[in-house]
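Engineer: See entry-v6.cif below, with mmCIF, C-alpha atoms.
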data_entry
#
loop_
_atom_site.group_PDB
_atom_site.id
_atom_site.type_symbol
_atom_site.label_atom_id
_atom_site.label_comp_id
_atom_site.auth_asym_id
_atom_site.auth_seq_id
_atom_site.Cartn_x
_atom_site.Cartn_y
_atom_site.Cartn_z
ATOM 1 C CA MET V 1 73.397 128.236 100.012
ATOM 2 C CA THR V 2 74.323 127.925 103.637
ATOM 3 C CA LEU V 3 74.588 124.588 105.222
ATOM 4 C CA ASP V 4 75.063 124.865 108.952
ATOM 5 C CA LEU V 5 77.037 121.723 109.705
ATOM 6 C CA ASP V 6 77.796 122.799 113.269
ATOM 7 C CA ASN V 7 74.123 123.173 113.964
ATOM 8 C CA ILE V 8 73.222 119.805 112.418
ATOM 9 C CA TYR V 9 75.952 118.190 114.508
ATOM 10 C CA LYS V 10 74.669 119.885 117.648
ATOM 11 C CA GLN V 11 71.064 118.924 116.933
ATOM 12 C CA LEU V 12 72.012 115.265 116.676
ATOM 13 C CA HIS V 13 73.574 115.259 120.136
ATOM 14 C CA ASN V 14 71.706 114.692 123.350
ATOM 15 C CA LYS V 15 72.744 114.861 126.985
ATOM 16 C CA ASN V 16 73.765 111.232 126.913
ATOM 17 C CA THR V 17 75.971 111.271 123.842
ATOM 18 C CA LEU V 18 78.724 108.725 124.448
ATOM 19 C CA CYS V 19 80.905 109.197 121.406
ATOM 20 C CA SER V 20 80.861 111.623 118.502
ATOM 21 C CA TYR V 21 83.080 112.970 115.753
ATOM 22 C CA LYS V 22 82.949 115.584 113.046
ATOM 23 C CA GLY V 23 85.658 115.971 110.444
ATOM 24 C CA ILE V 24 87.663 113.918 107.997
ATOM 25 C CA LEU V 25 87.082 110.243 108.668
ATOM 26 C CA THR V 26 90.018 107.856 108.295
ATOM 27 C CA SER V 27 90.261 104.112 108.647
ATOM 28 C CA ASP V 28 92.207 104.522 111.914
ATOM 29 C CA LEU V 29 89.569 106.835 113.292
ATOM 30 C CA VAL V 30 86.850 104.306 112.514
ATOM 31 C CA GLU V 31 88.802 101.670 114.397
ATOM 32 C CA GLN V 32 89.475 103.926 117.392
ATOM 33 C CA SER V 33 85.845 105.022 117.531
ATOM 34 C CA LEU V 34 84.628 101.424 117.469
ATOM 35 C CA ASN V 35 86.952 100.563 120.342
ATOM 36 C CA ASN V 36 85.673 103.584 122.192
ATOM 37 C CA ILE V 37 82.019 102.620 121.603
ATOM 38 C CA GLU V 38 82.689 99.051 122.706
ATOM 39 C CA GLU V 39 84.295 100.336 125.882
ATOM 40 C CA LYS V 40 81.312 102.603 126.603
ATOM 41 C CA LEU V 41 78.982 99.640 126.119
ATOM 42 C CA SER V 42 80.918 97.334 128.413
ATOM 43 C CA LYS V 43 78.494 97.667 131.321
ATOM 44 C CA GLU V 44 75.338 97.197 129.243
ATOM 45 C CA ASN V 45 73.478 93.914 129.028
ATOM 46 C CA LYS V 46 74.865 91.438 126.560
ATOM 47 C CA LYS V 47 72.027 91.564 124.060
ATOM 48 C CA ILE V 48 71.910 95.320 123.558
ATOM 49 C CA LYS V 49 75.697 95.511 123.659
ATOM 50 C CA ARG V 50 75.952 93.022 120.805
ATOM 51 C CA LYS V 51 73.351 94.873 118.750
ATOM 52 C CA ALA V 52 74.736 98.352 119.346
ATOM 53 C CA TYR V 53 78.289 97.294 118.595
ATOM 54 C CA TYR V 54 77.270 95.457 115.432
ATOM 55 C CA VAL V 55 75.270 98.448 114.150
ATOM 56 C CA SER V 56 78.224 100.731 114.905
ATOM 57 C CA VAL V 57 80.678 98.543 112.987
ATOM 58 C CA GLU V 58 78.442 98.316 109.966
ATOM 59 C CA THR V 59 77.455 101.988 109.964
ATOM 60 C CA LEU V 60 80.873 103.541 110.539
ATOM 61 C CA GLN V 61 82.492 101.296 107.929
ATOM 62 C CA ASN V 62 79.727 102.273 105.519
ATOM 63 C CA LEU V 63 80.252 105.931 106.322
ATOM 64 C CA TYR V 64 83.958 105.606 105.684
ATOM 65 C CA HIS V 65 83.487 103.796 102.365
ATOM 66 C CA HIS V 66 80.590 105.752 100.931
ATOM 67 C CA SER V 67 81.215 109.377 101.809
ATOM 68 C CA GLU V 68 81.610 111.495 98.743
ATOM 69 C CA PRO V 69 84.723 113.675 98.719
ATOM 70 C CA THR V 70 83.734 117.347 98.446
ATOM 71 C CA LYS V 71 84.845 118.607 95.047
ATOM 72 C CA LYS V 72 85.219 122.163 96.230
ATOM 73 C CA GLU V 73 85.702 123.972 99.493
ATOM 74 C CA ILE V 74 82.481 123.840 101.513
ATOM 75 C CA GLU V 75 81.897 125.526 104.850
ATOM 76 C CA GLY V 76 85.572 125.463 105.680
ATOM 77 C CA ILE V 77 86.123 121.856 104.552
ATOM 78 C CA GLN V 78 88.973 121.626 102.078
ATOM 79 C CA LYS V 79 88.201 120.162 98.681
ATOM 80 C CA ASP V 80 88.635 116.455 97.939
ATOM 81 C CA GLN V 81 88.172 115.490 101.579
ATOM 82 C CA LYS V 82 85.670 112.980 102.896
ATOM 83 C CA PHE V 83 83.856 114.941 105.540
ATOM 84 C CA SER V 84 81.558 113.004 107.863
ATOM 85 C CA MET V 85 80.013 113.142 111.275
ATOM 86 C CA PHE V 86 78.607 110.560 113.612
ATOM 87 C CA ILE V 87 76.951 110.712 117.006
ATOM 88 C CA PHE V 88 76.373 107.715 119.247
ATOM 89 C CA SER V 89 74.037 108.292 122.193
ATOM 90 C CA LYS V 90 72.194 106.445 124.891
ATOM 91 C CA LEU V 91 68.522 107.428 124.978
ATOM 92 C CA LYS V 92 67.464 105.393 127.992
ATOM 93 C CA GLU V 93 68.000 101.921 129.421
ATOM 94 C CA ASP V 94 68.596 99.494 126.505
ATOM 95 C CA HIS V 95 67.925 102.239 123.935
ATOM 96 C CA PHE V 96 70.730 103.676 121.846
ATOM 97 C CA GLU V 97 70.880 105.854 118.778
ATOM 98 C CA LEU V 98 73.496 106.263 116.093
ATOM 99 C CA SER V 99 73.332 109.184 113.675
ATOM 100 C CA THR V 100 75.615 109.871 110.748
ATOM 101 C CA GLY V 101 75.997 112.709 108.275
ATOM 102 C CA ASN V 102 77.939 112.909 105.028
ATOM 103 C CA PHE V 103 77.926 114.464 101.572
ATOM 104 C CA ILE V 104 76.516 112.530 98.647
ATOM 105 C CA SER V 105 75.884 113.250 94.988
ATOM 106 C CA LYS V 106 72.428 113.927 93.605
ATOM 107 C CA LYS V 107 72.461 110.506 91.950
ATOM 108 C CA THR V 108 73.210 108.767 95.254
ATOM 109 C CA MET V 109 70.544 110.848 96.952
ATOM 110 C CA GLN V 110 67.954 109.686 94.451
ATOM 111 C CA PHE V 111 69.044 106.085 94.839
ATOM 112 C CA LEU V 112 69.052 106.198 98.651
ATOM 113 C CA LYS V 113 65.739 107.970 98.840
ATOM 114 C CA SER V 114 63.955 105.209 96.991
ATOM 115 C CA ARG V 115 66.041 102.430 98.553
ATOM 116 C CA ILE V 116 65.537 103.445 102.176
ATOM 117 C CA GLY V 117 61.896 104.200 101.452
ATOM 118 C CA GLN V 118 61.443 100.621 100.244
ATOM 119 C CA LEU V 119 63.438 99.003 103.039
ATOM 120 C CA ASN V 120 61.549 100.904 105.727
ATOM 121 C CA PHE V 121 58.357 99.319 104.467
ATOM 122 C CA LEU V 122 59.501 95.733 104.699
ATOM 123 C CA GLU V 123 58.629 93.369 107.518
ATOM 124 C CA LYS V 124 61.299 91.304 109.284
ATOM 125 C CA GLU V 125 60.646 88.179 107.228
ATOM 126 C CA GLU V 126 60.724 90.126 103.944
ATOM 127 C CA LEU V 127 64.033 91.680 104.966
ATOM 128 C CA ARG V 128 65.366 88.210 105.651
ATOM 129 C CA ILE V 129 64.371 86.962 102.206
ATOM 130 C CA LEU V 130 65.933 90.006 100.543
ATOM 131 C CA TYR V 131 69.105 89.635 102.602
ATOM 132 C CA LYS V 132 69.522 86.013 101.540
ATOM 133 C CA ARG V 133 68.850 86.846 97.907
ATOM 134 C CA ILE V 134 71.533 89.544 97.827
ATOM 135 C CA LEU V 135 73.952 87.452 99.880
ATOM 136 C CA ASN V 136 73.664 84.625 97.404
ATOM 137 C CA ASN V 137 74.040 86.590 94.199
ATOM 138 C CA GLU V 138 77.576 86.591 92.933
ATOM 139 C CA GLU V 139 77.811 90.297 92.339
ATOM 140 C CA PHE V 140 80.008 92.230 94.648
ATOM 141 C CA SER V 141 80.122 95.988 94.854
ATOM 142 C CA ASP V 142 83.615 97.476 94.623
ATOM 143 C CA LYS V 143 83.267 98.562 98.217
ATOM 144 C CA GLY V 144 82.628 95.009 99.305
ATOM 145 C CA GLY V 145 79.324 95.322 101.087
ATOM 146 C CA GLY V 146 76.918 94.755 98.239
ATOM 147 C CA GLY V 147 74.131 96.699 99.959
ATOM 148 C CA LEU V 148 73.657 94.063 102.617
ATOM 149 C CA GLY V 149 74.541 96.293 105.537
ATOM 150 C CA MET V 150 71.475 98.500 105.359
ATOM 151 C CA ILE V 151 69.187 95.482 105.238
ATOM 152 C CA ASP V 152 70.928 93.677 108.056
ATOM 153 C CA ILE V 153 70.750 96.689 110.378
ATOM 154 C CA LEU V 154 66.979 96.844 109.909
ATOM 155 C CA ARG V 155 66.709 93.109 110.536
ATOM 156 C CA LYS V 156 68.685 93.320 113.730
ATOM 157 C CA THR V 157 67.217 96.489 115.223
ATOM 158 C CA GLY V 158 63.633 96.056 114.027
ATOM 159 C CA ASN V 159 63.342 99.848 113.767
ATOM 160 C CA LYS V 160 62.847 102.143 110.773
ATOM 161 C CA TYR V 161 65.498 104.499 109.448
ATOM 162 C CA GLU V 162 65.077 108.225 109.961
ATOM 163 C CA TYR V 163 66.784 110.164 107.208
ATOM 164 C CA ASN V 164 67.062 113.538 105.629
ATOM 165 C CA PHE V 165 68.709 115.115 102.595
ATOM 166 C CA ILE V 166 69.724 118.752 102.698
ATOM 167 C CA LYS V 167 70.474 120.292 99.343
ATOM 168 C CA TYR V 168 73.765 122.155 99.151
ATOM 169 C CA ASP V 169 73.861 122.830 95.417
ATOM 170 C CA GLU V 170 72.629 121.280 92.164
ATOM 171 C CA ASN V 171 74.688 118.160 92.589
ATOM 172 C CA LEU V 172 75.589 117.908 96.255
ATOM 173 C CA TYR V 173 73.462 116.914 99.232
ATOM 174 C CA PHE V 174 74.140 116.430 102.904
ATOM 175 C CA TYR V 175 72.638 113.157 104.032
ATOM 176 C CA THR V 176 71.787 112.367 107.636
ATOM 177 C CA LEU V 177 70.720 108.970 108.889
ATOM 178 C CA THR V 178 69.543 107.978 112.348
ATOM 179 C CA ILE V 179 69.285 104.413 113.570
ATOM 180 C CA LYS V 180 67.483 103.535 116.753
ATOM 181 C CA ILE V 181 68.954 100.510 118.466
ATOM 182 C CA THR V 182 66.568 98.768 120.840
ATOM 183 C CA MET T 1 99.645 70.552 102.168
ATOM 184 C CA ASN T 2 100.500 73.191 104.734
ATOM 185 C CA PRO T 3 97.937 74.098 107.343
ATOM 186 C CA ILE T 4 96.783 77.688 107.789
ATOM 187 C CA LYS T 5 97.107 79.028 111.306
ATOM 188 C CA LYS T 6 96.245 82.624 112.043
ATOM 189 C CA GLN T 7 95.940 84.239 115.413
ATOM 190 C CA GLY T 8 92.740 86.241 115.780
ATOM 191 C CA SER T 9 92.771 90.018 116.156
ATOM 192 C CA GLN T 10 90.311 92.775 117.079
ATOM 193 C CA LYS T 11 89.021 92.593 113.521
ATOM 194 C CA THR T 12 89.796 89.125 112.216
ATOM 195 C CA PRO T 13 89.022 85.610 113.423
ATOM 196 C CA THR T 14 91.407 82.894 114.556
ATOM 197 C CA ILE T 15 91.882 80.493 111.678
ATOM 198 C CA ASN T 16 92.972 76.853 111.807
ATOM 199 C CA PHE T 17 92.713 74.950 108.549
ATOM 200 C CA ASP T 18 94.300 71.524 108.791
ATOM 201 C CA SER T 19 94.214 69.085 105.908
ATOM 202 C CA GLU T 20 95.566 66.113 107.907
ATOM 203 C CA SER T 21 92.767 66.108 110.452
ATOM 204 C CA GLY T 22 90.205 67.534 108.025
ATOM 205 C CA LYS T 23 89.347 70.222 110.563
ATOM 206 C CA ILE T 24 88.501 73.765 109.563
ATOM 207 C CA GLU T 25 88.124 76.306 112.334
ATOM 208 C CA MET T 26 87.074 79.965 112.347
ATOM 209 C CA LYS T 27 86.613 81.633 115.684
ATOM 210 C CA GLY T 28 86.147 85.179 116.943
ATOM 211 C CA ARG T 29 85.348 88.399 115.111
ATOM 212 C CA SER T 30 85.304 89.034 111.433
ATOM 213 C CA ILE T 31 84.894 92.757 110.903
ATOM 214 C CA PRO T 32 87.747 93.815 108.596
ATOM 215 C CA GLU T 33 87.011 96.699 106.240
ATOM 216 C CA ASN T 34 88.218 94.641 103.330
ATOM 217 C CA ALA T 35 87.130 91.094 103.971
ATOM 218 C CA ILE T 36 88.002 89.834 100.469
ATOM 219 C CA GLU T 37 91.689 90.305 101.166
ATOM 220 C CA PHE T 38 91.462 88.274 104.368
ATOM 221 C CA TYR T 39 89.382 85.415 102.932
ATOM 222 C CA LYS T 40 91.106 85.021 99.574
ATOM 223 C CA PRO T 41 93.898 82.718 100.831
ATOM 224 C CA LEU T 42 91.361 80.636 102.769
ATOM 225 C CA VAL T 43 89.246 80.039 99.682
ATOM 226 C CA ALA T 44 92.392 79.219 97.678
ATOM 227 C CA TRP T 45 93.481 76.720 100.345
ATOM 228 C CA LEU T 46 90.095 74.975 100.204
ATOM 229 C CA ASP T 47 90.356 74.810 96.423
ATOM 230 C CA GLU T 48 93.541 72.807 96.786
ATOM 231 C CA TYR T 49 92.271 70.787 99.738
ATOM 232 C CA ALA T 50 89.304 69.661 97.627
ATOM 233 C CA ASN T 51 91.653 67.404 95.634
ATOM 234 C CA THR T 52 92.803 65.445 98.678
ATOM 235 C CA ALA T 53 89.939 65.972 101.093
ATOM 236 C CA GLN T 54 89.546 63.653 104.086
ATOM 237 C CA GLY T 55 86.572 61.279 104.273
ATOM 238 C CA LEU T 56 85.055 63.647 106.800
ATOM 239 C CA THR T 57 85.762 67.348 106.917
ATOM 240 C CA GLU T 58 84.493 69.120 109.984
ATOM 241 C CA ALA T 59 84.098 72.905 109.982
ATOM 242 C CA ASN T 60 83.763 74.549 113.373
ATOM 243 C CA ILE T 61 82.490 78.094 113.005
ATOM 244 C CA GLN T 62 82.264 80.109 116.168
ATOM 245 C CA LEU T 63 81.841 83.776 115.340
ATOM 246 C CA GLU T 64 81.077 86.528 117.754
ATOM 247 C CA TYR T 65 80.437 89.237 115.146
ATOM 248 C CA PHE T 66 80.800 89.462 111.407
ATOM 249 C CA ASN T 67 80.213 92.444 109.158
ATOM 250 C CA THR T 68 78.350 92.224 105.885
ATOM 251 C CA SER T 69 81.610 92.525 103.983
ATOM 252 C CA SER T 70 82.610 89.206 105.615
ATOM 253 C CA SER T 71 79.229 87.573 105.126
ATOM 254 C CA LYS T 72 79.729 87.041 101.378
ATOM 255 C CA CYS T 73 83.264 85.774 101.940
ATOM 256 C CA ILE T 74 82.039 83.294 104.543
ATOM 257 C CA LEU T 75 79.497 82.101 101.980
ATOM 258 C CA ASP T 76 82.373 81.631 99.505
ATOM 259 C CA VAL T 77 84.168 79.444 102.056
ATOM 260 C CA PHE T 78 80.995 77.412 102.586
ATOM 261 C CA LYS T 79 80.443 77.039 98.837
ATOM 262 C CA LYS T 80 83.893 75.456 98.551
ATOM 263 C CA LEU T 81 82.920 73.085 101.363
ATOM 264 C CA GLU T 82 79.686 72.346 99.539
ATOM 265 C CA THR T 83 81.655 71.306 96.456
ATOM 266 C CA ILE T 84 83.776 68.974 98.592
ATOM 267 C CA ASN T 85 80.639 67.517 100.167
ATOM 268 C CA GLN T 86 79.241 66.727 96.726
ATOM 269 C CA LYS T 87 82.240 64.582 95.814
ATOM 270 C CA ASP T 88 82.087 60.822 96.289
ATOM 271 C CA GLY T 89 83.778 59.666 99.462
ATOM 272 C CA SER T 90 84.112 63.060 101.084
ATOM 273 C CA GLU T 91 81.605 64.392 103.521
ATOM 274 C CA VAL T 92 81.472 67.787 105.171
ATOM 275 C CA ILE T 93 79.650 68.967 108.234
ATOM 276 C CA ILE T 94 79.436 72.554 109.446
ATOM 277 C CA ASN T 95 79.099 73.063 113.185
ATOM 278 C CA TRP T 96 77.715 76.562 113.699
ATOM 279 C CA TYR T 97 78.289 77.733 117.270
ATOM 280 C CA TYR T 98 76.384 80.626 118.777
ATOM 281 C CA GLU T 99 76.177 82.088 122.226
ATOM 282 C CA GLU T 100 73.167 81.366 124.352
ATOM 283 C CA ASP T 101 70.401 83.894 123.525
ATOM 284 C CA ASP T 102 72.239 85.275 120.467
ATOM 285 C CA GLU T 103 69.265 84.782 118.148
ATOM 286 C CA ASP T 104 70.844 86.949 115.457
ATOM 287 C CA MET T 105 73.826 84.615 115.196
ATOM 288 C CA LEU T 106 71.537 81.570 115.117
ATOM 289 C CA GLU T 107 69.505 83.214 112.330
ATOM 290 C CA ALA T 108 72.686 84.003 110.421
ATOM 291 C CA GLY T 109 73.605 80.310 110.562
ATOM 292 C CA GLU T 110 70.144 79.309 109.422
ATOM 293 C CA ASP T 111 70.409 81.731 106.503
ATOM 294 C CA TYR T 112 73.560 79.980 105.307
ATOM 295 C CA GLN T 113 71.974 76.601 105.897
ATOM 296 C CA SER T 114 69.008 77.496 103.695
ATOM 297 C CA ILE T 115 71.246 78.675 100.845
ATOM 298 C CA LEU T 116 73.596 75.671 100.871
ATOM 299 C CA LYS T 117 73.224 71.947 100.349
ATOM 300 C CA ILE T 118 75.403 70.896 103.215
ATOM 301 C CA PRO T 119 74.638 69.524 106.687
ATOM 302 C CA PHE T 120 74.656 72.149 109.433
ATOM 303 C CA LYS T 121 74.555 71.548 113.125
ATOM 304 C CA MET T 122 73.492 74.514 115.247
ATOM 305 C CA ILE T 123 75.208 74.391 118.593
ATOM 306 C CA GLU T 124 74.205 76.697 121.401
ATOM 307 C CA MET T 125 76.984 77.471 123.842
ATOM 308 C CA GLU T 126 75.980 77.937 127.437
ATOM 309 C CA GLU T 127 77.630 80.676 129.394
#
Could you express the structure from this file as structure tokens?

Structural biologist:
Amino acid sequence: MTLDLDNIYKQLHNKNTLCSYKGILTSDLVEQSLNNIEEKLSKENKKIKRKAYYVSVETLQNLYHHSEPTKKEIEGIQKDQKFSMFIFSKLKEDHFELSTGNFISKKTMQFLKSRIGQLNFLEKEELRILYKRILNNEEFSDKGGGGLGMIDILRKTGNKYEYNFIKYDENLYFYTLTIKIT
Amino acid sequence: MNPIKKQGSQKTPTINFDSESGKIEMKGRSIPENAIEFYKPLVAWLDEYANTAQGLTEANIQLEYFNTSSSKCILDVFKKLETINQKDGSEVIINWYYEEDDEDMLEAGEDYQSILKIPFKMIEMEE
């Protein structure tokens, strides 16, 4: 099956893309990209700057932690590498968009599909209740976040997630997520 | 016991934990990828401080950003303070500072307040 990663990457850009990356994501790259995004936001009003930077921190750290390494060579990506992409764009005054793409297993796809579907349905106050419930339960995921990030982004942006899963093979999917920051 | 003093960085807050004055301060950003590592010594310090806590412990929390990895760790810090507050003769107050018009940070403080049995004071900072 062909998966045109270059085309997906291109589609997620717009004429006002401020920062983007496609390749193997490292911890250093996440840090550099966040500095870059913060710099690009420096002239924006305080409120949107805060929101956009917060969403970027949460999303890029998530992307770094949760990308599935590809178990075989795919579209020129060497095996066992965590391939990801992200695109941060300004849509118009006080409107930004952050899109990410990464490989996930079928199991994760099934989980995310139902999870995001549920979260997208919740109102602000319901998200707040859920956030507090998860915050206060002792369990901690090995990656540290405990699923709070996805809820908190919805709380802070007030927008719904746009997402898509593209099947690569029986067990591997390419997952794209777009967050509107307003 | 020795105080903890840490200079803040791009990713971690400035920390001043002082047992003699009973003042606990966290200020700046808390967005490390692995927050547990950063907060572990702080929670351990509070565990020890609980044995000799001052009559009044004042926590000044002034965060600009924190990621969700930090949010559970911050709750762990507050839960230690809650334990101290429940002891006879030792009171704790948490002063939660937020920038003017940063409703998200005010809400974050209120979320902690609603989970914990400890007095919170929400303090808006004017620009």

Engineer: Which residues of stretch 42-104 of chain T come within 8 Å of stretch 49-68 of chain V, and what is each one's closest atom pair and distance in Å (one decimal), counting all atoms listed in the file, sorted by chain and residue number, as CSV?

Structural biologist:
residue,atom,partner,partner_atom,distance
T:Tyr65,CA,V:Tyr54,CA,7.0
T:Asn67,CA,V:Glu58,CA,6.2
T:Thr68,CA,V:Glu58,CA,7.3

Engineer: Written as a list in words, what is the full residue list that the PyMOL selection byres ((chain V and resi 16) around 12) yields on the file shown?

Structural biologist: Leu12, His13, Asn14, Lys15, Thr17, Leu18, Cys19, Ser20, Lys40, Ile87, Phe88, Ser89, Lys90, Leu91, Lys92, Glu93, His95, Phe96, Glu97 and Leu98 of chain V

Engineer: Which residues come within 8 Å of stretch 122-127 of chain V, counting all atoms listed in the file, excluding same-chain residues fewer than 5 positions away, as a PyMOL selection string?

Structural biologist: chain V and resi 151-152+154-155+158

Engineer: Given all atoms listed in the file, how would the per-residue table for chain T near chain V read, listing every residue at most 9 Å away with its closest atom pair and distance in Å to one decimal, sorted by chain and number, as JSON lines?

Structural biologist:
{"residue": "T:Ile31", "atom": "CA", "partner": "V:Val57", "partner_atom": "CA", "distance": 7.5}
{"residue": "T:Glu33", "atom": "CA", "partner": "V:Gln61", "partner_atom": "CA", "distance": 6.7}
{"residue": "T:Asn34", "atom": "CA", "partner": "V:Gly144", "partner_atom": "CA", "distance": 6.9}
{"residue": "T:Ala35", "atom": "CA", "partner": "V:Gly144", "partner_atom": "CA", "distance": 7.6}
{"residue": "T:Ile36", "atom": "CA", "partner": "V:Gly144", "partner_atom": "CA", "distance": 7.6}
{"residue": "T:Glu64", "atom": "CA", "partner": "V:Arg50", "partner_atom": "CA", "distance": 8.8}
{"residue": "T:Tyr65", "atom": "CA", "partner": "V:Tyr54", "partner_atom": "CA", "distance": 7.0}
{"residue": "T:Phe66", "atom": "CA", "partner": "V:Tyr54", "partner_atom": "CA", "distance": 8.0}
{"residue": "T:Asn67", "atom": "CA", "partner": "V:Glu58", "partner_atom": "CA", "distance": 6.2}
{"residue": "T:Thr68", "atom": "CA", "partner": "V:Gly149", "partner_atom": "CA", "distance": 5.6}
{"residue": "T:Ser69", "atom": "CA", "partner": "V:Gly145", "partner_atom": "CA", "distance": 4.6}
{"residue": "T:Ser70", "atom": "CA", "partner": "V:Gly145", "partner_atom": "CA", "distance": 8.3}
{"residue": "T:Ser71", "atom": "CA", "partner": "V:Leu135", "partner_atom": "CA", "distance": 7.4}
{"residue": "T:Lys72", "atom": "CA", "partner": "V:Leu135", "partner_atom": "CA", "distance": 6.0}
{"residue": "T:Leu75", "atom": "CA", "partner": "V:Asn136", "partner_atom": "CA", "distance": 7.8}
{"residue": "T:Asp101", "atom": "CA", "partner": "V:Lys47", "partner_atom": "CA", "distance": 7.9}
{"residue": "T:Asp102", "atom": "CA", "partner": "V:Lys47", "partner_atom": "CA", "distance": 7.2}
{"residue": "T:Asp104", "atom": "CA", "partner": "V:Lys156", "partner_atom": "CA", "distance": 6.9}
{"residue": "T:Asp111", "atom": "CA", "partner": "V:Lys132", "partner_atom": "CA", "distance": 6.6}
{"residue": "T:Tyr112", "atom": "CA", "partner": "V:Lys132", "partner_atom": "CA", "distance": 8.2}
{"residue": "T:Ser114", "atom": "CA", "partner": "V:Lys132", "partner_atom": "CA", "distance": 8.8}
{"residue": "T:Ile115", "atom": "CA", "partner": "V:Asn136", "partner_atom": "CA", "distance": 7.3}

Engineer: If the PyMOL selection byres ((chain T and resi 85) around 12) were run on this exact file, what residues would it hold? Put them as a PyMOL selection string.

Structural biologist: chain T and resi 50-51+53-59+78-84+86-94+116-120

Engineer: Okay, now the selection with C-alpha atoms, as a PDB file, in the coordinates of the input?

Structural biologist:
ATOM      1  CA  ALA T  50      89.304  69.661  97.627  1.00  0.00           C
ATOM      2  CA  ASN T  51      91.653  67.404  95.634  1.00  0.00           C
ATOM      3  CA  ALA T  53      89.939  65.972 101.093  1.00  0.00           C
ATOM      4  CA  GLN T  54      89.546  63.653 104.086  1.00  0.00           C
ATOM      5  CA  GLY T  55      86.572  61.279 104.273  1.00  0.00           C
ATOM      6  CA  LEU T  56      85.055  63.647 106.800  1.00  0.00           C
ATOM      7  CA  THR T  57      85.762  67.348 106.917  1.00  0.00           C
ATOM      8  CA  GLU T  58      84.493  69.120 109.984  1.00  0.00           C
ATOM      9  CA  ALA T  59      84.098  72.905 109.982  1.00  0.00           C
ATOM     10  CA  PHE T  78      80.995  77.412 102.586  1.00  0.00           C
ATOM     11  CA  LYS T  79      80.443  77.039  98.837  1.00  0.00           C
ATOM     12  CA  LYS T  80      83.893  75.456  98.551  1.00  0.00           C
ATOM     13  CA  LEU T  81      82.920  73.085 101.363  1.00  0.00           C
ATOM     14  CA  GLU T  82      79.686  72.346  99.539  1.00  0.00           C
ATOM     15  CA  THR T  83      81.655  71.306  96.456  1.00  0.00           C
ATOM     16  CA  ILE T  84      83.776  68.974  98.592  1.00  0.00           C
ATOM     17  CA  GLN T  86      79.241  66.727  96.726  1.00  0.00           C
ATOM     18  CA  LYS T  87      82.240  64.582  95.814  1.00  0.00           C
ATOM     19  CA  ASP T  88      82.087  60.822  96.289  1.00  0.00           C
ATOM     20  CA  GLY T  89      83.778  59.666  99.462  1.00  0.00           C
ATOM     21  CA  SER T  90      84.112  63.060 101.084  1.00  0.00           C
ATOM     22  CA  GLU T  91      81.605  64.392 103.521  1.00  0.00           C
ATOM     23  CA  VAL T  92      81.472  67.787 105.171  1.00  0.00           C
ATOM     24  CA  ILE T  93      79.650  68.967 108.234  1.00  0.00           C
ATOM     25  CA  ILE T  94      79.436  72.554 109.446  1.00  0.00           C
ATOM     26  CA  LEU T 116      73.596  75.671 100.871  1.00  0.00           C
ATOM     27  CA  LYS T 117      73.224  71.947 100.349  1.00  0.00           C
ATOM     28  CA  ILE T 118      75.403  70.896 103.215  1.00  0.00           C
ATOM     29  CA  PRO T 119      74.638  69.524 106.687  1.00  0.00           C
ATOM     30  CA  PHE T 120      74.656  72.149 109.433  1.00  0.00           C
TER      31      PHE T 120
END

Engineer: How far is it from atom CA of V:Gln32 to atom CA of V:Tyr9, in Å with one decimal?

Structural biologist: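 Computing it gives 19.9 Å between the two atoms.
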
Engineer: What is the atom CA of V:Leu29 to atom CA of V:Glu75 distance in Å?

Structural biologist: 21.9 Å

Engineer: Residues picked by the PyMOL selection byres ((chain V and resi 108-121) around 9) here, as a PyMOL selection string?

Structural biologist: chain V and resi 104-107+122-123+127+150-151+154+159-161+163-165+172-175
